[in-house]
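Working notes for the structure below.
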Amino acid sequence: MRTFKATVILGILPLMAGAAMAQDYPSRNITIVVPAAAGGPSDTVARLIADKMGAEFGQQVLIENMGGAGGSLGAARVAKAEPDGYTLLLYHVGVSTFGALYPDLPYDTDTAFSSVGLVTDVPMTLVSRKDLEAADVAGLLGWLKGEGTGATFGTAGVGSVSDLCGRQLAEAAGIEFTVVPYKGTGPAMTDLLGGQLDLMCDQTTNTANQIKAGEIKPYAVTTPERIALLPDTPTLAESGLEGFNLSAWHAIWAPAGTPEDVRNRLSGALQKALADQEVIDRLATLGTTPVAADLATPAAMDERFKSEIERWSKLLAETAAN
């Protein structure tokens, strides 16, 4: 009987400790790791919501940019962090490709993270340097199959959403280009603006302002429907690539083992940030909207993450086989 009581007490102690942690959380600054260079779309989204979450907690929410290897290096930083809610990951759909693309990762993408919640679902745009001659998607594809053979296509590295877009485009259109990997689409955009890069596929958060200013040329959006921010830009599907559909959702994760109460507190702060009118208005200028509150939860993101891992693992296997 004494042994039984001791076992029960010992079993309860971790739960009590977790509850105490959640009650005191956060007592210091929180770091959100963005596995891409500053100035890119993921960085833009992260900084926008970090300010609001920090105000909710009464603590600073800092951004740490850590690009490289398609985002997997920054994700590794979070996977190895203490599961206390003070080191988080904010990135996009690319996280769901890590397991398929990097079999030697020092962590298992399927189990290394605990979801906090979905943030936003961002359309992608296929864009070029402003002086590229092709007037539309048909002309661009013709150019790529002819005199444009070997054109440069910028990405944020293997497995990034810009890379996935390029892979899908090449596969669907039967074209080839020279992929130029960067540490993020921010630096790639700099080269596109300067004319040193021919093409890229990037989120509206990183292209909308330059498109409106006439500094780069838009060819299409990657979603099934046109978007309100760029009403004159056709979809790839209506431009001849039937069924093309890709968007860059962003989410927040904590290291696996982070107490549920802490994740719920983070999710609550995220939901308030996404309901803030300033955030809504700012995201609208970037061609996207915050997700509904019921999607900015750990449970909803767990389900989404699992389905996306299955989707991209299948697609990448098929692409490699071809």
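Please note that chains go A, B, ... in the order of the structure tokens, that every chain numbers its residues from 1, and that ligands are numbered from 1 in the order shown.
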
Problem set entry | Per-residue DSSP, range 28-263 of chain A, filtered to alpha helix (DSSP H), as a PyMOL selection string | chain A and resi 41-57+72-79+98-101+137-145+161-173+185-194+204-212+260-263

Exercise. What lies within 10 Å of Gly243 in chain A using only C-alpha atoms, ignoring chain neighbours under 3 positions off, as a ChimeraX atom specification?
Worked result: /A:172,222-224,236-238,240,246

For this session: Take CA of Phe305 in chain A and CA of Ser96 in chain A and report the distance between them in Å, one decimal.
Result: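 So the two atoms, CA of Phe305 in chain A and CA of Ser96 in chain A, lie 6.7 Å apart.
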
Counting only C-alpha atoms, which residues of range 248-322 of chain A sit at most 9 Å from some atom of range 80-93 of chain A, and what is each one's closest atom pair with its distance in Å to one decimal, listed by chain and rising residue number, as a tab-separated table?
residue	atom	partner	partner_atom	distance
A:Ala248	CA	A:Val93	CA	5.7
A:Trp249	CA	A:His92	CA	5.3
A:His250	CA	A:His92	CA	4.1
A:Ala251	CA	A:Leu90	CA	5.7
A:Ile252	CA	A:Leu90	CA	4.5
A:Trp253	CA	A:Leu89	CA	5.1
A:Ala254	CA	A:Leu88	CA	4.8
A:Pro255	CA	A:Pro83	CA	5.1
A:Ala256	CA	A:Pro83	CA	6.4
A:Gly257	CA	A:Pro83	CA	5.6
A:Thr258	CA	A:Pro83	CA	4.4
A:Pro259	CA	A:Asp84	CA	7.3
A:Val262	CA	A:Gly85	CA	6.4
A:Arg263	CA	A:Gly85	CA	7.2
A:Leu266	CA	A:Gly85	CA	8.0
A:Phe305	CA	A:Val93	CA	8.5
A:Glu308	CA	A:Val93	CA	7.5
A:Ile309	CA	A:Val93	CA	8.9

Residue subset to file, keeping N, CA and C atoms, as an mmCIF file, in the first residue's frame:
data_model
loop_
_atom_site.group_PDB
_atom_site.id
_atom_site.type_symbol
_atom_site.label_atom_id
_atom_site.label_comp_id
_atom_site.auth_asym_id
_atom_site.auth_seq_id
_atom_site.Cartn_x
_atom_site.Cartn_y
_atom_site.Cartn_z
ATOM 1 N N ALA A 248 0.782 28.699 -49.531
ATOM 2 C CA ALA A 248 1.809 28.592 -48.498
ATOM 3 C C ALA A 248 1.213 28.897 -47.132
ATOM 4 N N TRP A 249 0.679 27.854 -46.480
ATOM 5 C CA TRP A 249 0.171 28.096 -45.128
ATOM 6 C C TRP A 249 1.341 28.267 -44.167
ATOM 7 N N HIS A 250 1.125 29.096 -43.160
ATOM 8 C CA HIS A 250 2.113 29.311 -42.097
ATOM 9 C C HIS A 250 1.520 28.830 -40.776
ATOM 10 N N ALA A 251 2.377 28.305 -39.928
ATOM 11 C CA ALA A 251 1.922 27.803 -38.628
ATOM 12 C C ALA A 251 3.005 28.028 -37.584
ATOM 13 N N ILE A 252 2.614 27.841 -36.325
ATOM 14 C CA ILE A 252 3.559 27.923 -35.210
ATOM 15 C C ILE A 252 3.609 26.571 -34.515
ATOM 16 N N TRP A 253 4.828 26.138 -34.206
ATOM 17 C CA TRP A 253 5.053 24.912 -33.453
ATOM 18 C C TRP A 253 5.946 25.189 -32.259
ATOM 19 N N ALA A 254 5.841 24.327 -31.253
ATOM 20 C CA ALA A 254 6.755 24.288 -30.119
ATOM 21 C C ALA A 254 7.474 22.941 -30.154
ATOM 22 N N PRO A 255 8.546 22.783 -29.407
ATOM 23 C CA PRO A 255 9.186 21.464 -29.361
ATOM 24 C C PRO A 255 8.230 20.416 -28.789
ATOM 25 N N ALA A 256 8.366 19.183 -29.250
ATOM 26 C CA ALA A 256 7.556 18.086 -28.712
ATOM 27 C C ALA A 256 7.748 18.004 -27.203
ATOM 28 N N GLY A 257 6.673 17.742 -26.501
ATOM 29 C CA GLY A 257 6.740 17.648 -25.041
ATOM 30 C C GLY A 257 6.383 18.927 -24.326
ATOM 31 N N THR A 258 6.137 20.005 -25.076
ATOM 32 C CA THR A 258 5.705 21.256 -24.448
ATOM 33 C C THR A 258 4.347 21.030 -23.787
ATOM 34 N N PRO A 259 4.186 21.407 -22.517
ATOM 35 C CA PRO A 259 2.923 21.154 -21.810
ATOM 36 C C PRO A 259 1.706 21.690 -22.565
ATOM 37 N N VAL A 262 0.581 25.193 -21.747
ATOM 38 C CA VAL A 262 1.419 26.240 -22.329
ATOM 39 C C VAL A 262 1.057 26.442 -23.801
ATOM 40 N N ARG A 263 0.870 25.358 -24.509
ATOM 41 C CA ARG A 263 0.477 25.463 -25.915
ATOM 42 C C ARG A 263 -0.878 26.148 -26.052
ATOM 43 N N LEU A 266 -0.377 29.826 -25.659
ATOM 44 C CA LEU A 266 0.184 30.366 -26.894
ATOM 45 C C LEU A 266 -0.887 30.469 -27.977
ATOM 46 N N PHE A 305 -1.211 19.245 -40.256
ATOM 47 C CA PHE A 305 0.196 18.896 -40.439
ATOM 48 C C PHE A 305 0.343 17.450 -40.913
ATOM 49 N N GLU A 308 -0.694 17.173 -44.560
ATOM 50 C CA GLU A 308 0.259 17.808 -45.467
ATOM 51 C C GLU A 308 1.532 16.976 -45.625
ATOM 52 N N ILE A 309 1.974 16.348 -44.549
ATOM 53 C CA ILE A 309 3.140 15.453 -44.640
ATOM 54 C C ILE A 309 2.848 14.326 -45.620
#

Exercise. Smallest atom-to-atom distance to Glu133 in chain A: which of A:Gly154, A:Leu193, A:Phe113, A:Tyr219, using only C-alpha atoms?
Worked result: A:Tyr219

For this session: Using only C-alpha atoms, determine which residues lie at most 6 Å from Asn206 in chain A, disregarding the query and same-chain residues fewer than 2 positions distant; provide the list as a PyMOL selection string.
Result: chain A and resi 41+203-204

With range 100-108 of chain A as the partner and 10 Å as the cut-off, tabulate the residues of range 295-320 of chain A that qualify, each row holding the nearest pair of atoms and their distance in Å to one decimal, using only C-alpha atoms, sorted by chain and rising number, as CSV.
residue,atom,partner,partner_atom,distance
A:Ile309,CA,A:Ala100,CA,8.5
A:Glu310,CA,A:Ala100,CA,9.7
A:Trp312,CA,A:Ala100,CA,7.9
A:Ser313,CA,A:Ala100,CA,5.5
A:Lys314,CA,A:Ala100,CA,8.8
A:Leu315,CA,A:Ala100,CA,9.7
A:Leu316,CA,A:Ala100,CA,7.2
A:Ala317,CA,A:Ala100,CA,7.8

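For the choices A:Leu132, A:Ala112, A:Met189, A:Val291, the atom-to-atom distance to Gly39 in chain A is smallest for A:Met189 when using only C-alpha atoms.
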
Exercise. Quick one: of A:Trp143, A:Phe244, A:Phe153, A:Phe98, who's nearest to Gln168 in chain A, counting only C-alpha atoms?
Worked result: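 Of A:Trp143, A:Phe244, A:Phe153, A:Phe98, the one nearest Gln168 in chain A, counting only C-alpha atoms, is A:Phe244.
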
Exercise. Which polymer residues have any atom within 12 Å of an atom of Ala300 in chain A, counting only C-alpha atoms, with same-chain residues fewer than 6 positions away left out, as a PyMOL selection string?
Worked result: chain A and resi 114-119+251-252+267+291-294+306-307

Exercise. What is the distance, in Å and to one decimal place, between CA of Ala299 in chain A and CA of Tyr25 in chain A?
Worked result: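 Result for CA of Ala299 in chain A versus CA of Tyr25 in chain A: 20.5 Å, one decimal.
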
Exercise. Counting only C-alpha atoms, what is within 8 Å of Ala50 in chain A, bar same-chain residues fewer than 4 positions away, as a ChimeraX atom specification?
Worked result: /A:32,46,54,61-63

What would the file look like if the residues just selected were written as a PDB file, in the first residue's frame with all heavy atoms?
ATOM      1  N   ILE A  32      10.770  33.345 -31.391  1.00  0.00           N
ATOM      2  CA  ILE A  32      10.215  32.633 -32.536  1.00  0.00           C
ATOM      3  C   ILE A  32      11.320  32.499 -33.576  1.00  0.00           C
ATOM      4  O   ILE A  32      11.836  33.499 -34.077  1.00  0.00           O
ATOM      5  CB  ILE A  32       9.013  33.361 -33.155  1.00  0.00           C
ATOM      6  CG1 ILE A  32       7.838  33.401 -32.165  1.00  0.00           C
ATOM      7  CG2 ILE A  32       8.572  32.677 -34.443  1.00  0.00           C
ATOM      8  CD1 ILE A  32       6.605  34.122 -32.709  1.00  0.00           C
ATOM      9  N   ALA A  46       5.759  36.560 -39.280  1.00  0.00           N
ATOM     10  CA  ALA A  46       6.204  36.351 -37.905  1.00  0.00           C
ATOM     11  C   ALA A  46       6.279  37.663 -37.135  1.00  0.00           C
ATOM     12  O   ALA A  46       5.805  37.764 -35.990  1.00  0.00           O
ATOM     13  CB  ALA A  46       7.555  35.646 -37.894  1.00  0.00           C
ATOM     14  N   GLY A  54       3.224  39.415 -28.053  1.00  0.00           N
ATOM     15  CA  GLY A  54       4.022  39.980 -26.969  1.00  0.00           C
ATOM     16  C   GLY A  54       3.216  40.923 -26.101  1.00  0.00           C
ATOM     17  O   GLY A  54       3.333  40.916 -24.870  1.00  0.00           O
ATOM     18  N   VAL A  61       8.323  39.164 -27.694  1.00  0.00           N
ATOM     19  CA  VAL A  61       8.427  37.983 -28.546  1.00  0.00           C
ATOM     20  C   VAL A  61       9.423  38.341 -29.647  1.00  0.00           C
ATOM     21  O   VAL A  61       9.142  39.162 -30.511  1.00  0.00           O
ATOM     22  CB  VAL A  61       7.065  37.585 -29.142  1.00  0.00           C
ATOM     23  CG1 VAL A  61       7.220  36.366 -30.049  1.00  0.00           C
ATOM     24  CG2 VAL A  61       6.062  37.270 -28.021  1.00  0.00           C
ATOM     25  N   LEU A  62      10.594  37.749 -29.563  1.00  0.00           N
ATOM     26  CA  LEU A  62      11.710  38.094 -30.435  1.00  0.00           C
ATOM     27  C   LEU A  62      11.747  37.180 -31.655  1.00  0.00           C
ATOM     28  O   LEU A  62      11.340  36.016 -31.584  1.00  0.00           O
ATOM     29  CB  LEU A  62      13.028  37.967 -29.665  1.00  0.00           C
ATOM     30  CG  LEU A  62      13.094  38.729 -28.331  1.00  0.00           C
ATOM     31  CD1 LEU A  62      14.389  38.397 -27.596  1.00  0.00           C
ATOM     32  CD2 LEU A  62      12.973  40.236 -28.559  1.00  0.00           C
ATOM     33  N   ILE A  63      12.248  37.691 -32.758  1.00  0.00           N
ATOM     34  CA  ILE A  63      12.393  36.908 -33.980  1.00  0.00           C
ATOM     35  C   ILE A  63      13.864  36.560 -34.182  1.00  0.00           C
ATOM     36  O   ILE A  63      14.730  37.441 -34.138  1.00  0.00           O
ATOM     37  CB  ILE A  63      11.869  37.672 -35.218  1.00  0.00           C
ATOM     38  CG1 ILE A  63      10.409  38.067 -35.029  1.00  0.00           C
ATOM     39  CG2 ILE A  63      12.053  36.828 -36.472  1.00  0.00           C
ATOM     40  CD1 ILE A  63       9.467  36.904 -34.841  1.00  0.00           C
TER      41      ILE A  63
END

Exercise. Which residues, written as a PyMOL selection string, have at least one atom at most 6 Å from Pro181 in chain A, with only C-alpha atoms counted and residues fewer than 6 positions away on the same chain left out?
Worked result: chain A and resi 154-157

Exercise. Between CA of Leu73 in chain A and CA of Lys183 in chain A, what is the distance, to one decimal in Å?
Worked result: 10.8 Å

For this session: Could you give me, as a VMD selection string, each residue of range 107-230 of chain A that DSSP assigns to strand (DSSP E or B) when run on this structure's backbone?
Result: chain A and resid 113 to 129 152 to 155 178 to 181 199 to 203 216 to 221
